[in-house]
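Scroll down for the structure; my scribbles are underneath it.
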Amino acid sequence: MRMMRWCITVFFSVSMALSGAQEPPRDSVFRHEVSFVNENDAYLFRKHDAYYTNGIFLFFRYAKEKQDRKLLRQFELGQMIYTPLIRKTQTTADIDRPYCGFLYGRYQQTAFSKRKEGLFQYSITLGTVGEASLGENVQDSYHALFGYGKFTGWQYQVQNAIGIDLGISYAQTLWEDSAWIKLVPLVQASLGMNYTNASAGMYVCFGAMEKNRNSALWNASVQASPEQKRKKNEWFLFWYPELTVQGYNATLQGGLFAKGQGAVLADPRRVLFQHTAGLCYASSRITLKAGIVFEAREAVQQKNTQQYGSLMLAYRMK
């Protein structure tokens, strides 16, 4: 609970400081953006720490214009940490979801078209699971800092393996009413050594929103050139139900070509359902986003479903 209170206090303190800064003219162009995202089950005000227990992500993105298309280029560095349900692991029978960290770097590019508010996205990810991901080190550090108990089974974690993944996504506005209600289906696929899967879902949004090419829904508030916007600020609620078919998941199954020795692994559930509900605010310089994710059991052996919260803060500059 102390970690949750500290993170939320810092998040809103920084947010208020940024939002309190003098607003620039509405025709100002901010081409670059930095953002920070933290995901943790502690944000749900529950004394529960299991499965996907923490995620930290740093982003740098900028906008370009090419042949009347807006391009959004993004560099990302992230770490995700997974643990089983039982904190005090005594035998391998206590591990219903493998201990695993995933550390990665990613390049992503999104192209926005004016036709039907469509967007196409591709990415390339280089990541590692195992001790090299620093999952145990990071978890032990912040658990000690905030007085959390230690997970005692990291000796059974997924072994070191490095992999590369290619990803693609496509979305297009299905229906929109006066910029206050929007339905946007999204399909995604990943092929690689860490993750091979495909998913489909749909964003259902209510509130004051920009077109997709300028919306914080897609982290697209940066611009390469002046462009007339529909709203002074974005304020909207969103719900995103998603169905995923899992082919391979290295955080459950270990490296595709190198399993190592001594790790407790698990089989992925082939069909996975999750839904996300949240709210977003974006002004000319900042974006604040908060969400709650509800996810079905990721592994066959996993005893419970999982839920976690997400906080995002982004800041734009020229």
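By order of appearance in the structure tokens: chains A, B, ..., then residues from 1 within every chain, and ligands from 1 in the order shown.
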
### Residue neighbourhood A:Gln274, 8 Å, only C-alpha atoms, exclusion window fewer than 6 positions, as a ChimeraX atom specification
/A:241-243,293-296

For the residues selected in the previous step, produce a file with N, CA and C atoms as a compact mmCIF listing (two decimals), in the first residue's frame.
# COMPACT_ATOMS: atom_id res chain seq x y z
N PRO A 241 -12.36 -4.09 -25.12
CA PRO A 241 -12.37 -5.55 -25.00
C PRO A 241 -11.51 -6.16 -26.11
N GLU A 242 -10.78 -7.23 -25.78
CA GLU A 242 -9.83 -7.80 -26.74
C GLU A 242 -9.76 -9.32 -26.58
N LEU A 243 -9.69 -10.02 -27.69
CA LEU A 243 -9.54 -11.47 -27.72
C LEU A 243 -8.21 -11.80 -28.38
N VAL A 293 -7.04 -2.97 -16.06
CA VAL A 293 -7.04 -4.11 -16.98
C VAL A 293 -7.50 -5.37 -16.25
N PHE A 294 -8.45 -6.06 -16.85
CA PHE A 294 -8.94 -7.34 -16.34
C PHE A 294 -8.58 -8.40 -17.37
N GLU A 295 -7.85 -9.41 -16.96
CA GLU A 295 -7.34 -10.41 -17.90
C GLU A 295 -7.62 -11.81 -17.40
N ALA A 296 -8.04 -12.68 -18.32
CA ALA A 296 -8.28 -14.08 -17.99
C ALA A 296 -6.95 -14.78 -17.68

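For A:Leu183, the list of residues within 10 Å, based on only C-alpha atoms and with local chain neighbours fewer than 5 positions off taken out, reads A:Gln172, A:Thr173, A:Leu174, A:Trp175, A:Glu176, A:Asp177, A:Met202, A:Tyr203, A:Val204, A:Cys205, A:Phe206, A:Phe238, A:Trp239, A:Tyr240.
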
Include N, CA and C atoms and write out the residues we just selected as a short mmCIF file (atom, residue, chain, number, x, y, z; two decimals), in the first residue's frame.
data_model
loop_
_atom_site.label_atom_id
_atom_site.label_comp_id
_atom_site.auth_asym_id
_atom_site.auth_seq_id
_atom_site.Cartn_x
_atom_site.Cartn_y
_atom_site.Cartn_z
N GLN A 172 -9.15 1.32 -37.80
CA GLN A 172 -9.91 2.23 -38.65
C GLN A 172 -11.23 2.55 -37.96
N THR A 173 -11.58 3.82 -37.94
CA THR A 173 -12.83 4.22 -37.30
C THR A 173 -14.01 3.56 -37.99
N LEU A 174 -14.82 2.86 -37.20
CA LEU A 174 -16.00 2.20 -37.73
C LEU A 174 -17.20 3.14 -37.72
N TRP A 175 -17.33 3.91 -36.64
CA TRP A 175 -18.48 4.82 -36.50
C TRP A 175 -18.12 5.93 -35.54
N GLU A 176 -18.58 7.13 -35.85
CA GLU A 176 -18.31 8.29 -35.01
C GLU A 176 -19.52 9.22 -35.05
N ASP A 177 -19.83 9.81 -33.90
CA ASP A 177 -20.98 10.71 -33.81
C ASP A 177 -20.53 12.03 -33.19
N MET A 202 -11.88 -3.76 -29.94
CA MET A 202 -12.48 -2.52 -30.42
C MET A 202 -12.52 -1.49 -29.30
N TYR A 203 -12.00 -0.29 -29.60
CA TYR A 203 -12.10 0.82 -28.67
C TYR A 203 -13.50 1.43 -28.75
N VAL A 204 -14.12 1.59 -27.59
CA VAL A 204 -15.39 2.29 -27.47
C VAL A 204 -15.12 3.53 -26.62
N CYS A 205 -15.22 4.71 -27.23
CA CYS A 205 -14.81 5.94 -26.57
C CYS A 205 -15.98 6.92 -26.44
N PHE A 206 -16.01 7.61 -25.31
CA PHE A 206 -17.04 8.62 -25.04
C PHE A 206 -16.36 9.88 -24.54
N PHE A 238 -12.70 5.41 -22.14
CA PHE A 238 -12.57 4.37 -23.16
C PHE A 238 -12.73 2.99 -22.53
N TRP A 239 -13.22 2.07 -23.35
CA TRP A 239 -13.33 0.65 -22.98
C TRP A 239 -12.80 -0.15 -24.15
N TYR A 240 -11.93 -1.11 -23.86
CA TYR A 240 -11.31 -1.88 -24.94
C TYR A 240 -11.36 -3.37 -24.62
#

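Distance-wise, atom CA of A:Trp180 and atom CA of A:Leu237 end up 10.2 Å apart.
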
### Query
Using only C-alpha atoms, which of the listed residues (A:Leu311, A:Phe257, A:Gly247, A:Val187) sits closest to A:Leu272?
A:Gly247

### Task
Please run DSSP on the backbone and report, as JSON, numbers by chain, all residues within stretch 57-137 of chain A that come out as strand (DSSP E).
{"A": [57, 58, 59, 60, 61, 62, 63, 64, 65, 66, 69, 70, 71, 72, 73, 74, 75, 76, 77, 78, 79, 80, 81, 82, 83, 100, 101, 102, 103, 104, 105, 106, 107, 108, 109, 110, 111, 112, 118, 119, 120, 121, 122, 123, 124, 125, 126, 127, 128, 129]}

Hey, could you make a per-residue contact list for stretch 54-128 of chain A against stretch 297-308 of chain A with 10 Å as the cut-off, showing the nearest pair of atoms and its distance in Å to one decimal, counting only C-alpha atoms, sorted by chain and number, as a tab-separated table?
residue	atom	partner	partner_atom	distance
A:Asn54	CA	A:Tyr308	CA	8.8
A:Pro84	CA	A:Gln302	CA	8.1
A:Leu85	CA	A:Lys303	CA	7.8
A:Ile95	CA	A:Gln302	CA	8.6
A:Asp96	CA	A:Gln302	CA	4.8
A:Arg97	CA	A:Gln302	CA	5.6
A:Pro98	CA	A:Ala299	CA	9.1

### Summary
A:Phe102 proximity check over A:Phe45, A:Trp235, A:Tyr195, A:Phe36, using only C-alpha atoms: winner is A:Tyr195

At most 12 Å is the cut-off: for each residue in stretch 196-305 of chain A with any atom that close to an atom of stretch 161-170 of chain A, write down the nearest atom pair and the distance in Å rounded to one decimal, counting only C-alpha atoms, chain first then increasing number, as a Markdown table.
| residue | atom | partner | partner_atom | distance |
| --- | --- | --- | --- | --- |
| A:Thr196 | CA | A:Asp165 | CA | 8.0 |
| A:Asn197 | CA | A:Gly167 | CA | 9.5 |
| A:Ala198 | CA | A:Gly167 | CA | 9.6 |
| A:Ser199 | CA | A:Ser169 | CA | 9.4 |
| A:Ala200 | CA | A:Ser169 | CA | 9.6 |
| A:Gly201 | CA | A:Tyr170 | CA | 10.9 |
| A:Met202 | CA | A:Tyr170 | CA | 11.3 |
| A:Trp218 | CA | A:Tyr170 | CA | 11.7 |
| A:Tyr248 | CA | A:Asp165 | CA | 11.3 |
| A:Asn249 | CA | A:Gly163 | CA | 11.3 |
| A:Ala250 | CA | A:Ala161 | CA | 8.7 |
| A:Thr251 | CA | A:Ala161 | CA | 10.2 |
| A:Gln253 | CA | A:Ala161 | CA | 11.0 |
| A:Gly254 | CA | A:Ala161 | CA | 7.4 |
| A:Gly255 | CA | A:Ala161 | CA | 5.0 |
| A:Leu256 | CA | A:Ala161 | CA | 8.0 |
| A:Phe257 | CA | A:Ala161 | CA | 8.1 |
| A:Ala258 | CA | A:Ala161 | CA | 6.2 |
| A:Lys259 | CA | A:Ala161 | CA | 7.6 |
| A:Gly260 | CA | A:Ala161 | CA | 8.4 |
| A:Gln261 | CA | A:Ala161 | CA | 11.9 |

### Task
Assign secondary structure with DSSP using the backbone only, and return the residues of stretch 154-298 of chain A in helix (DSSP H, G or I) as a ChimeraX atom specification.
/A:154-156,212-214,216-218,250-253

Selected residues written out, N, CA and C atoms, as a PDB file, in the first residue's frame:
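Output file out_1.pdb is given in full below:
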ATOM      1  N   TRP A 154      12.677 -17.238  -6.977  1.00  0.00           N
ATOM      2  CA  TRP A 154      13.294 -16.754  -8.210  1.00  0.00           C
ATOM      3  C   TRP A 154      14.367 -17.703  -8.754  1.00  0.00           C
ATOM      4  N   GLN A 155      14.827 -18.659  -7.944  1.00  0.00           N
ATOM      5  CA  GLN A 155      15.794 -19.629  -8.463  1.00  0.00           C
ATOM      6  C   GLN A 155      15.170 -20.530  -9.533  1.00  0.00           C
ATOM      7  N   TYR A 156      13.829 -20.507  -9.625  1.00  0.00           N
ATOM      8  CA  TYR A 156      13.129 -21.315 -10.625  1.00  0.00           C
ATOM      9  C   TYR A 156      12.686 -20.478 -11.833  1.00  0.00           C
ATOM     10  N   ASN A 212      -8.215  10.420 -35.184  1.00  0.00           N
ATOM     11  CA  ASN A 212      -7.195   9.446 -34.790  1.00  0.00           C
ATOM     12  C   ASN A 212      -5.781   9.976 -34.978  1.00  0.00           C
ATOM     13  N   ARG A 213      -5.532  10.676 -36.065  1.00  0.00           N
ATOM     14  CA  ARG A 213      -4.182  11.150 -36.390  1.00  0.00           C
ATOM     15  C   ARG A 213      -3.658  12.169 -35.381  1.00  0.00           C
ATOM     16  N   ASN A 214      -4.522  12.744 -34.548  1.00  0.00           N
ATOM     17  CA  ASN A 214      -4.095  13.721 -33.549  1.00  0.00           C
ATOM     18  C   ASN A 214      -4.527  13.347 -32.132  1.00  0.00           C
ATOM     19  N   ALA A 216      -4.792  11.467 -28.408  1.00  0.00           N
ATOM     20  CA  ALA A 216      -4.011  10.829 -27.353  1.00  0.00           C
ATOM     21  C   ALA A 216      -4.367   9.358 -27.199  1.00  0.00           C
ATOM     22  N   LEU A 217      -5.490   8.927 -27.758  1.00  0.00           N
ATOM     23  CA  LEU A 217      -5.829   7.501 -27.737  1.00  0.00           C
ATOM     24  C   LEU A 217      -4.718   6.683 -28.368  1.00  0.00           C
ATOM     25  N   TRP A 218      -4.081   7.242 -29.404  1.00  0.00           N
ATOM     26  CA  TRP A 218      -2.986   6.570 -30.123  1.00  0.00           C
ATOM     27  C   TRP A 218      -1.650   7.239 -29.834  1.00  0.00           C
ATOM     28  N   ALA A 250       7.223 -16.463 -24.420  1.00  0.00           N
ATOM     29  CA  ALA A 250       8.483 -16.823 -23.777  1.00  0.00           C
ATOM     30  C   ALA A 250       8.457 -16.613 -22.273  1.00  0.00           C
ATOM     31  N   THR A 251       7.602 -15.719 -21.758  1.00  0.00           N
ATOM     32  CA  THR A 251       7.533 -15.517 -20.316  1.00  0.00           C
ATOM     33  C   THR A 251       6.870 -16.698 -19.609  1.00  0.00           C
ATOM     34  N   LEU A 252       6.194 -17.548 -20.389  1.00  0.00           N
ATOM     35  CA  LEU A 252       5.612 -18.773 -19.853  1.00  0.00           C
ATOM     36  C   LEU A 252       6.431 -20.005 -20.234  1.00  0.00           C
ATOM     37  N   GLN A 253       6.884 -20.049 -21.484  1.00  0.00           N
ATOM     38  CA  GLN A 253       7.471 -21.252 -22.060  1.00  0.00           C
ATOM     39  C   GLN A 253       8.985 -21.219 -22.152  1.00  0.00           C
TER      40      GLN A 253
END

### Message
Which residues are near A:Ala224? Cut-off 9 Å, only C-alpha atoms, ignore same chain within fewer than 6 positions. Put them as a PyMOL selection string.
### Response
chain A and resi 29-32+62-65+70-71

With N, CA and C atoms retained, write the just-selected residues as a PDB file, in the first residue's frame.
ATOM      1  N   VAL A  29       3.160  24.180 -32.342  1.00  0.00           N
ATOM      2  CA  VAL A  29       3.412  22.828 -32.830  1.00  0.00           C
ATOM      3  C   VAL A  29       4.432  22.159 -31.918  1.00  0.00           C
ATOM      4  N   PHE A  30       4.060  21.019 -31.348  1.00  0.00           N
ATOM      5  CA  PHE A  30       4.961  20.230 -30.520  1.00  0.00           C
ATOM      6  C   PHE A  30       5.225  18.917 -31.236  1.00  0.00           C
ATOM      7  N   ARG A  31       6.452  18.765 -31.672  1.00  0.00           N
ATOM      8  CA  ARG A  31       6.810  17.631 -32.531  1.00  0.00           C
ATOM      9  C   ARG A  31       7.301  16.425 -31.741  1.00  0.00           C
ATOM     10  N   HIS A  32       7.831  16.648 -30.542  1.00  0.00           N
ATOM     11  CA  HIS A  32       8.452  15.579 -29.756  1.00  0.00           C
ATOM     12  C   HIS A  32       7.682  15.336 -28.461  1.00  0.00           C
ATOM     13  N   TYR A  62       8.238  11.098 -31.999  1.00  0.00           N
ATOM     14  CA  TYR A  62       8.181  12.349 -32.738  1.00  0.00           C
ATOM     15  C   TYR A  62       7.392  12.145 -34.024  1.00  0.00           C
ATOM     16  N   ALA A  63       6.907  13.251 -34.574  1.00  0.00           N
ATOM     17  CA  ALA A  63       6.028  13.213 -35.743  1.00  0.00           C
ATOM     18  C   ALA A  63       6.742  13.724 -36.985  1.00  0.00           C
ATOM     19  N   LYS A  64       6.371  13.146 -38.136  1.00  0.00           N
ATOM     20  CA  LYS A  64       6.846  13.595 -39.438  1.00  0.00           C
ATOM     21  C   LYS A  64       5.673  13.591 -40.416  1.00  0.00           C
ATOM     22  N   GLU A  65       5.810  14.336 -41.487  1.00  0.00           N
ATOM     23  CA  GLU A  65       4.830  14.313 -42.563  1.00  0.00           C
ATOM     24  C   GLU A  65       5.505  13.784 -43.818  1.00  0.00           C
ATOM     25  N   LYS A  70       0.691  11.408 -41.931  1.00  0.00           N
ATOM     26  CA  LYS A  70       1.385  11.681 -40.683  1.00  0.00           C
ATOM     27  C   LYS A  70       2.067  10.399 -40.220  1.00  0.00           C
ATOM     28  N   LEU A  71       3.362  10.489 -39.926  1.00  0.00           N
ATOM     29  CA  LEU A  71       4.124   9.364 -39.409  1.00  0.00           C
ATOM     30  C   LEU A  71       4.511   9.637 -37.966  1.00  0.00           C
TER      31      LEU A  71
END
